[in-house]
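Visitor: Below is the structure I would like to discuss, written out as structure tokens.
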Amino acid sequence: MQETHYSLYPVGFLHSPLKDRGAAANQGHEGAPDAWLEVDVAVAQGLEEIEVGDELIVITWLHQAGRDILKTHPRNDLTRPLVGVFATRSPDRPNPLGLHRVTVREIAGKRVKVGPIEAIDGTPVVDIKPVLSPSADS
């Protein structure tokens with residue numbers, strides 16, 4: 001793979017009761033808790049117009065993921081054959097971006113309680129996007 005440098009910086013971090021990968025659900029709707037997303041003060045104005053009840057896509061950098069894994073057993077089920085990571089939602093992949101569809105539960109300044117979200121405590125957030133209605137243009 002050709003090496004090209006791109007820079008991402010976190011716009012915030014998650015504060016979750018999940019402390020390790022093994023405790024996290026595979027998907028948010030599978031029993032994941034709510035968590036606080038604390039946005040950096042430098043980008044806090046970007047939260048304007050977000051309200052309780054809104055649905056968001058939180059894009060995370062899965063900082064504990066294996067970046068050299070290209071094949072995996074779907075859902076860590078060893079009875080299933082290996083497949084390429086791009087055909088799965090595995091956190092282990094060359095660029096470990098996580099996509100989490102969440103609902104805003106509470107807003108307190110630059111902190112937004114969202115959930116359910118399966119990311120662990122300390123996970124960097126690289127972007128936040130609204131969920132658009134099916135008829136909306138992106």
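Going by the structure tokens order, chains are called A, B, ..., each with residues numbered from 1, while ligands are numbered from 1 in the order shown.
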Report the residues of chain A whose backbone DSSP state falls under strand (DSSP E), written as number ranges by chain.
Guide: A: 12-15, 35-39, 55-61, 71-72, 83-84, 97-108, 111-115, 124-130
Visitor: Go ahead and write the selection's residues with C-alpha atoms as an mmCIF file, in the first residue's frame.
Guide:
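Saved file out.cif follows:
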data_model
loop_
_atom_site.group_PDB
_atom_site.id
_atom_site.type_symbol
_atom_site.label_atom_id
_atom_site.label_comp_id
_atom_site.auth_asym_id
_atom_site.auth_seq_id
_atom_site.Cartn_x
_atom_site.Cartn_y
_atom_site.Cartn_z
ATOM 1 C CA GLY A 12 -13.517 15.204 21.368
ATOM 2 C CA PHE A 13 -13.375 12.042 23.441
ATOM 3 C CA LEU A 14 -15.923 9.581 24.807
ATOM 4 C CA HIS A 15 -16.351 9.026 28.527
ATOM 5 C CA ALA A 35 -21.701 7.745 27.104
ATOM 6 C CA TRP A 36 -20.672 11.373 27.365
ATOM 7 C CA LEU A 37 -19.013 12.878 24.306
ATOM 8 C CA GLU A 38 -16.852 15.768 25.458
ATOM 9 C CA VAL A 39 -16.069 18.113 22.589
ATOM 10 C CA GLU A 55 -29.900 11.245 15.842
ATOM 11 C CA LEU A 56 -26.212 11.579 15.037
ATOM 12 C CA ILE A 57 -23.458 9.585 13.406
ATOM 13 C CA VAL A 58 -20.421 9.713 15.686
ATOM 14 C CA ILE A 59 -17.213 8.846 13.842
ATOM 15 C CA THR A 60 -14.510 7.524 16.136
ATOM 16 C CA TRP A 61 -10.892 6.459 15.833
ATOM 17 C CA LYS A 71 -9.318 -10.903 7.388
ATOM 18 C CA THR A 72 -11.535 -11.827 10.310
ATOM 19 C CA VAL A 83 -13.680 -12.761 5.259
ATOM 20 C CA GLY A 84 -12.046 -9.464 4.364
ATOM 21 C CA LEU A 97 -12.818 4.382 11.935
ATOM 22 C CA GLY A 98 -15.949 3.558 13.885
ATOM 23 C CA LEU A 99 -19.431 4.638 12.789
ATOM 24 C CA HIS A 100 -21.992 4.881 15.569
ATOM 25 C CA ARG A 101 -25.612 5.884 15.065
ATOM 26 C CA VAL A 102 -26.714 7.396 18.380
ATOM 27 C CA THR A 103 -29.446 9.507 19.927
ATOM 28 C CA VAL A 104 -28.699 12.676 21.875
ATOM 29 C CA ARG A 105 -29.900 12.093 25.450
ATOM 30 C CA GLU A 106 -28.657 15.243 27.190
ATOM 31 C CA ILE A 107 -26.567 18.352 26.476
ATOM 32 C CA ALA A 108 -24.458 20.141 29.075
ATOM 33 C CA ARG A 111 -20.661 17.667 26.687
ATOM 34 C CA VAL A 112 -23.287 15.628 24.872
ATOM 35 C CA LYS A 113 -24.688 12.400 26.316
ATOM 36 C CA VAL A 114 -25.310 9.973 23.441
ATOM 37 C CA GLY A 115 -26.330 6.395 23.152
ATOM 38 C CA PRO A 124 -11.248 9.708 20.243
ATOM 39 C CA VAL A 125 -14.108 11.231 18.235
ATOM 40 C CA VAL A 126 -13.008 12.535 14.818
ATOM 41 C CA ASP A 127 -16.356 13.846 13.542
ATOM 42 C CA ILE A 128 -20.056 14.183 14.292
ATOM 43 C CA LYS A 129 -22.728 14.253 11.592
ATOM 44 C CA PRO A 130 -26.505 14.438 11.674
#
Visitor: What gap, in Å, lies between CA of Glu48 in chain A and CA of Leu132 in chain A?
Guide: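 For CA of Glu48 in chain A relative to CA of Leu132 in chain A, the distance reads 16.6 Å.
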